[in-house]
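Structure file protein16.txt (compact mmCIF, N, CA and C atoms) is printed below.
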# COMPACT_ATOMS: atom_id res chain seq x y z
N MET A 24 -18.08 12.38 14.33
CA MET A 24 -16.72 12.07 14.70
C MET A 24 -15.91 11.74 13.44
N PRO A 25 -14.80 12.44 13.19
CA PRO A 25 -14.02 12.19 11.97
C PRO A 25 -13.34 10.83 12.02
N GLN A 26 -13.15 10.26 10.83
CA GLN A 26 -12.47 8.98 10.75
C GLN A 26 -11.01 9.14 11.14
N ARG A 27 -10.51 8.16 11.86
CA ARG A 27 -9.12 8.18 12.28
C ARG A 27 -8.28 7.43 11.27
N LYS A 28 -7.10 7.93 11.00
CA LYS A 28 -6.16 7.26 10.11
C LYS A 28 -5.22 6.40 10.95
N TRP A 29 -5.18 5.13 10.65
CA TRP A 29 -4.32 4.19 11.37
C TRP A 29 -3.14 3.84 10.48
N THR A 30 -1.96 3.83 11.06
CA THR A 30 -0.79 3.40 10.31
C THR A 30 -0.78 1.87 10.25
N ALA A 31 0.00 1.34 9.33
CA ALA A 31 0.11 -0.11 9.21
C ALA A 31 0.64 -0.72 10.51
N GLU A 32 1.57 -0.02 11.15
CA GLU A 32 2.15 -0.52 12.40
C GLU A 32 1.09 -0.57 13.51
N GLN A 33 0.24 0.46 13.57
CA GLN A 33 -0.81 0.49 14.58
C GLN A 33 -1.81 -0.64 14.36
N LYS A 34 -2.21 -0.83 13.10
CA LYS A 34 -3.15 -1.91 12.79
C LYS A 34 -2.56 -3.26 13.15
N MET A 35 -1.28 -3.45 12.81
CA MET A 35 -0.62 -4.71 13.09
C MET A 35 -0.55 -4.96 14.61
N ALA A 36 -0.26 -3.93 15.38
CA ALA A 36 -0.17 -4.09 16.83
C ALA A 36 -1.53 -4.49 17.41
N ILE A 37 -2.60 -3.87 16.91
CA ILE A 37 -3.94 -4.19 17.39
C ILE A 37 -4.31 -5.63 17.03
N VAL A 38 -4.02 -6.02 15.79
CA VAL A 38 -4.32 -7.39 15.35
C VAL A 38 -3.52 -8.39 16.17
N MET A 39 -2.23 -8.12 16.38
CA MET A 39 -1.40 -9.03 17.16
C MET A 39 -1.92 -9.16 18.60
N GLU A 40 -2.37 -8.05 19.14
CA GLU A 40 -2.93 -8.08 20.51
C GLU A 40 -4.13 -9.02 20.55
N GLY A 41 -4.96 -8.95 19.53
CA GLY A 41 -6.13 -9.83 19.47
C GLY A 41 -5.75 -11.28 19.25
N LEU A 42 -4.75 -11.51 18.42
CA LEU A 42 -4.33 -12.88 18.14
C LEU A 42 -3.68 -13.55 19.35
N ARG A 43 -3.05 -12.75 20.19
CA ARG A 43 -2.42 -13.33 21.40
C ARG A 43 -3.46 -13.94 22.33
N GLY A 44 -4.66 -13.35 22.36
CA GLY A 44 -5.74 -13.91 23.15
C GLY A 44 -5.69 -13.63 24.64
N HIS A 45 -4.82 -12.74 25.10
CA HIS A 45 -4.73 -12.43 26.53
C HIS A 45 -5.88 -11.53 26.98
N THR A 46 -6.43 -10.77 26.06
CA THR A 46 -7.50 -9.84 26.36
C THR A 46 -8.68 -10.14 25.44
N LYS A 47 -9.90 -9.97 25.96
CA LYS A 47 -11.08 -10.21 25.14
C LYS A 47 -11.11 -9.22 23.99
N LEU A 48 -11.58 -9.70 22.85
CA LEU A 48 -11.62 -8.87 21.65
C LEU A 48 -12.46 -7.62 21.85
N ALA A 49 -13.57 -7.75 22.54
CA ALA A 49 -14.44 -6.60 22.79
C ALA A 49 -13.68 -5.51 23.55
N GLU A 50 -12.85 -5.91 24.49
CA GLU A 50 -12.07 -4.95 25.28
C GLU A 50 -11.00 -4.28 24.41
N ILE A 51 -10.34 -5.04 23.57
CA ILE A 51 -9.32 -4.48 22.68
C ILE A 51 -9.95 -3.44 21.76
N CYS A 52 -11.09 -3.79 21.18
CA CYS A 52 -11.77 -2.86 20.27
C CYS A 52 -12.23 -1.61 21.01
N ARG A 53 -12.73 -1.76 22.21
CA ARG A 53 -13.16 -0.62 23.01
C ARG A 53 -11.97 0.28 23.34
N GLN A 54 -10.85 -0.31 23.72
CA GLN A 54 -9.65 0.48 24.05
C GLN A 54 -9.17 1.32 22.87
N HIS A 55 -9.29 0.76 21.68
CA HIS A 55 -8.76 1.44 20.49
C HIS A 55 -9.83 2.21 19.71
N GLY A 56 -11.07 2.09 20.15
CA GLY A 56 -12.14 2.83 19.49
C GLY A 56 -12.47 2.33 18.09
N ILE A 57 -12.40 1.01 17.92
CA ILE A 57 -12.76 0.43 16.63
C ILE A 57 -13.86 -0.61 16.83
N SER A 58 -14.56 -0.92 15.76
CA SER A 58 -15.59 -1.96 15.85
C SER A 58 -14.93 -3.33 15.68
N GLN A 59 -15.65 -4.35 16.10
CA GLN A 59 -15.13 -5.70 15.92
C GLN A 59 -15.06 -6.05 14.44
N ASN A 60 -15.99 -5.51 13.65
CA ASN A 60 -15.93 -5.74 12.21
C ASN A 60 -14.64 -5.17 11.62
N GLN A 61 -14.23 -3.99 12.09
CA GLN A 61 -12.98 -3.38 11.62
C GLN A 61 -11.80 -4.25 12.01
N TYR A 62 -11.82 -4.74 13.25
CA TYR A 62 -10.74 -5.62 13.70
C TYR A 62 -10.64 -6.84 12.80
N TYR A 63 -11.79 -7.49 12.52
CA TYR A 63 -11.77 -8.70 11.70
C TYR A 63 -11.29 -8.40 10.27
N LEU A 64 -11.63 -7.25 9.73
CA LEU A 64 -11.14 -6.86 8.41
C LEU A 64 -9.62 -6.75 8.43
N TRP A 65 -9.08 -6.04 9.43
CA TRP A 65 -7.62 -5.90 9.55
C TRP A 65 -6.96 -7.26 9.76
N ARG A 66 -7.57 -8.10 10.60
CA ARG A 66 -6.99 -9.42 10.87
C ARG A 66 -6.91 -10.24 9.58
N ASP A 67 -8.00 -10.22 8.81
CA ASP A 67 -8.02 -10.99 7.56
C ASP A 67 -6.97 -10.47 6.58
N GLN A 68 -6.82 -9.14 6.49
CA GLN A 68 -5.80 -8.55 5.62
C GLN A 68 -4.40 -8.94 6.10
N PHE A 69 -4.20 -8.91 7.40
CA PHE A 69 -2.92 -9.28 7.99
C PHE A 69 -2.56 -10.73 7.67
N LEU A 70 -3.52 -11.62 7.86
CA LEU A 70 -3.26 -13.03 7.62
C LEU A 70 -3.06 -13.32 6.13
N GLU A 71 -3.80 -12.63 5.27
CA GLU A 71 -3.62 -12.82 3.83
C GLU A 71 -2.24 -12.33 3.40
N GLY A 72 -1.82 -11.19 3.95
CA GLY A 72 -0.48 -10.68 3.64
C GLY A 72 0.60 -11.64 4.10
N ALA A 73 0.41 -12.24 5.26
CA ALA A 73 1.38 -13.20 5.77
C ALA A 73 1.43 -14.43 4.86
N LYS A 74 0.27 -14.87 4.41
CA LYS A 74 0.21 -16.03 3.53
C LYS A 74 0.93 -15.76 2.21
N VAL A 75 0.74 -14.57 1.65
CA VAL A 75 1.40 -14.20 0.40
C VAL A 75 2.92 -14.18 0.58
N ARG A 76 3.39 -13.57 1.66
CA ARG A 76 4.84 -13.48 1.90
C ARG A 76 5.45 -14.85 2.16
N LEU A 77 4.75 -15.69 2.91
CA LEU A 77 5.27 -17.02 3.20
C LEU A 77 5.32 -17.89 1.95
N ALA A 78 4.47 -17.58 0.99
CA ALA A 78 4.48 -18.31 -0.27
C ALA A 78 5.61 -17.82 -1.18
N GLY A 79 6.31 -16.77 -0.76
CA GLY A 79 7.44 -16.26 -1.52
C GLY A 79 7.07 -15.19 -2.53
N ASN A 80 5.85 -14.71 -2.50
CA ASN A 80 5.42 -13.66 -3.43
C ASN A 80 5.69 -12.30 -2.83
N LYS A 81 5.89 -11.31 -3.68
CA LYS A 81 6.12 -9.95 -3.21
C LYS A 81 4.77 -9.30 -2.91
N PRO A 82 4.71 -8.42 -1.92
CA PRO A 82 3.47 -7.74 -1.63
C PRO A 82 3.09 -6.79 -2.77
N ALA A 83 1.84 -6.73 -3.12
CA ALA A 83 1.38 -5.95 -4.28
C ALA A 83 1.55 -4.45 -4.13
N PRO A 84 1.15 -3.82 -3.00
CA PRO A 84 1.20 -2.35 -2.96
C PRO A 84 2.58 -1.76 -3.22
N GLY A 85 3.61 -2.27 -2.60
CA GLY A 85 4.95 -1.73 -2.78
C GLY A 85 5.45 -1.92 -4.20
N SER A 86 5.21 -3.11 -4.76
CA SER A 86 5.68 -3.38 -6.10
C SER A 86 4.92 -2.55 -7.12
N ASP A 87 3.64 -2.27 -6.86
CA ASP A 87 2.86 -1.42 -7.75
C ASP A 87 3.47 -0.02 -7.80
N GLN A 88 3.83 0.51 -6.66
CA GLN A 88 4.41 1.85 -6.62
C GLN A 88 5.75 1.90 -7.34
N ALA A 89 6.56 0.87 -7.17
CA ALA A 89 7.86 0.83 -7.84
C ALA A 89 7.66 0.73 -9.35
N LYS A 90 6.70 -0.07 -9.78
CA LYS A 90 6.41 -0.22 -11.20
C LYS A 90 5.92 1.10 -11.80
N ILE A 91 5.06 1.81 -11.07
CA ILE A 91 4.55 3.10 -11.54
C ILE A 91 5.69 4.09 -11.72
N LYS A 92 6.59 4.16 -10.75
CA LYS A 92 7.73 5.08 -10.85
C LYS A 92 8.61 4.74 -12.04
N GLU A 93 8.85 3.45 -12.25
CA GLU A 93 9.67 3.03 -13.39
C GLU A 93 9.00 3.41 -14.71
N LEU A 94 7.70 3.19 -14.81
CA LEU A 94 6.99 3.54 -16.04
C LEU A 94 6.97 5.05 -16.27
N GLU A 95 6.82 5.82 -15.21
CA GLU A 95 6.86 7.28 -15.33
C GLU A 95 8.22 7.75 -15.83
N ARG A 96 9.27 7.11 -15.36
CA ARG A 96 10.63 7.46 -15.80
C ARG A 96 10.80 7.15 -17.28
N ILE A 97 10.30 6.00 -17.72
CA ILE A 97 10.39 5.61 -19.12
C ILE A 97 9.60 6.58 -20.00
N ILE A 98 8.40 6.92 -19.56
CA ILE A 98 7.57 7.86 -20.32
C ILE A 98 8.27 9.21 -20.44
N GLY A 99 8.88 9.67 -19.37
CA GLY A 99 9.60 10.94 -19.40
C GLY A 99 10.74 10.91 -20.41
N ARG A 100 11.49 9.82 -20.42
CA ARG A 100 12.59 9.68 -21.37
C ARG A 100 12.08 9.65 -22.80
N GLN A 101 11.01 8.94 -23.04
CA GLN A 101 10.44 8.86 -24.39
C GLN A 101 9.88 10.20 -24.85
N THR A 102 9.30 10.94 -23.92
CA THR A 102 8.78 12.27 -24.26
C THR A 102 9.91 13.18 -24.72
N ILE A 103 11.02 13.15 -24.04
CA ILE A 103 12.18 13.96 -24.42
C ILE A 103 12.68 13.53 -25.80
N THR A 104 12.76 12.23 -26.04
CA THR A 104 13.21 11.73 -27.33
C THR A 104 12.28 12.20 -28.45
N ILE A 105 11.00 12.15 -28.22
CA ILE A 105 10.03 12.59 -29.22
C ILE A 105 10.20 14.07 -29.52
N GLU A 106 10.37 14.87 -28.48
CA GLU A 106 10.56 16.31 -28.68
C GLU A 106 11.82 16.61 -29.48
N ILE A 107 12.89 15.88 -29.20
CA ILE A 107 14.14 16.08 -29.94
C ILE A 107 13.93 15.71 -31.42
N LEU A 108 13.27 14.60 -31.68
CA LEU A 108 13.02 14.17 -33.05
C LEU A 108 12.14 15.17 -33.80
N LYS A 109 11.16 15.75 -33.13
CA LYS A 109 10.31 16.77 -33.75
C LYS A 109 11.14 17.98 -34.15
N LYS A 110 12.05 18.40 -33.27
CA LYS A 110 12.89 19.56 -33.57
C LYS A 110 13.83 19.27 -34.73
N ILE A 111 14.37 18.05 -34.77
CA ILE A 111 15.27 17.68 -35.85
C ILE A 111 14.52 17.72 -37.19
N GLN A 112 13.30 17.24 -37.22
CA GLN A 112 12.51 17.21 -38.45
C GLN A 112 12.16 18.61 -38.94
N ASP A 113 12.02 19.57 -38.02
CA ASP A 113 11.66 20.93 -38.38
C ASP A 113 12.85 21.75 -38.87
N LEU A 114 14.08 21.25 -38.74
CA LEU A 114 15.25 21.98 -39.18
C LEU A 114 15.23 22.11 -40.71
N PRO A 115 15.58 23.30 -41.22
CA PRO A 115 15.64 23.46 -42.69
C PRO A 115 16.82 22.68 -43.25
N GLU A 116 16.66 22.23 -44.47
CA GLU A 116 17.74 21.49 -45.13
C GLU A 116 18.88 22.43 -45.46
N THR A 117 20.11 21.98 -45.37
CA THR A 117 21.26 22.82 -45.68
C THR A 117 21.89 22.45 -46.98
Same coordinates, now as structure tokens:
Amino acid sequence: MPQRKWTAEQKMAIVMEGLRGHTKLAEICRQHGISQNQYYLWRDQFLEGAKVRLAGNKPAPGSDQAKIKELERIIGRQTITIEILKKIQDLPET
């Protein structure tokens, strides 16, 4: 059976369903086709993320992606500058 890809929203909904406590965890996991270990992993990630945000820190994954894009932009600009300088140096003296 191939692994299923769960979106963040789907994982959050499943975790919230378990945290509400209206349905037994075994039933929730059976309905969604996940193991209880998977549920507990998602729950722990969910609670850790909530703790980080409540402490006023930015979430790591989004900020990492933004930082990567910014660094790629800087590298691109520097590459162009280097190429221009190389061409200027190769020009014959007049």
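The gap separating CA of Gly72 in chain A from CA of Ala36 in chain A is 14.7 Å, in Å to one decimal.
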Padding 3 Å on each side, edges along x, y and z: where is the centre of the box around the listed atoms of range 39-48 of chain A, and how long are its edges in Å to one decimal? Output it as JSON.
{"center_x": -6.9, "center_y": -10.8, "center_z": 21.7, "size_x": 17.1, "size_y": 12.3, "size_z": 16.6}
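Taking only C-alpha atoms into account, those protein, DNA and RNA residues with any atom at most 12 Å away from (-9.9, 7.8, 12.0) amount to Met24, Pro25, Gln26, Arg27, Lys28, Trp29, Thr30, Gln33, Lys34, His55, Gly56, Ile57, Ser58 and Gln61 of chain A.
Between CA of Lys90 in chain A and CA of Ala31 in chain A the interatomic distance comes to 21.4 Å.
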## Note on the structure
Residue with the minimum atom-to-atom distance to Arg66 in chain A, picked from A:Ala78, A:Ile51, A:Val38, A:Ile107 with only N, CA and C atoms counted, is A:Val38
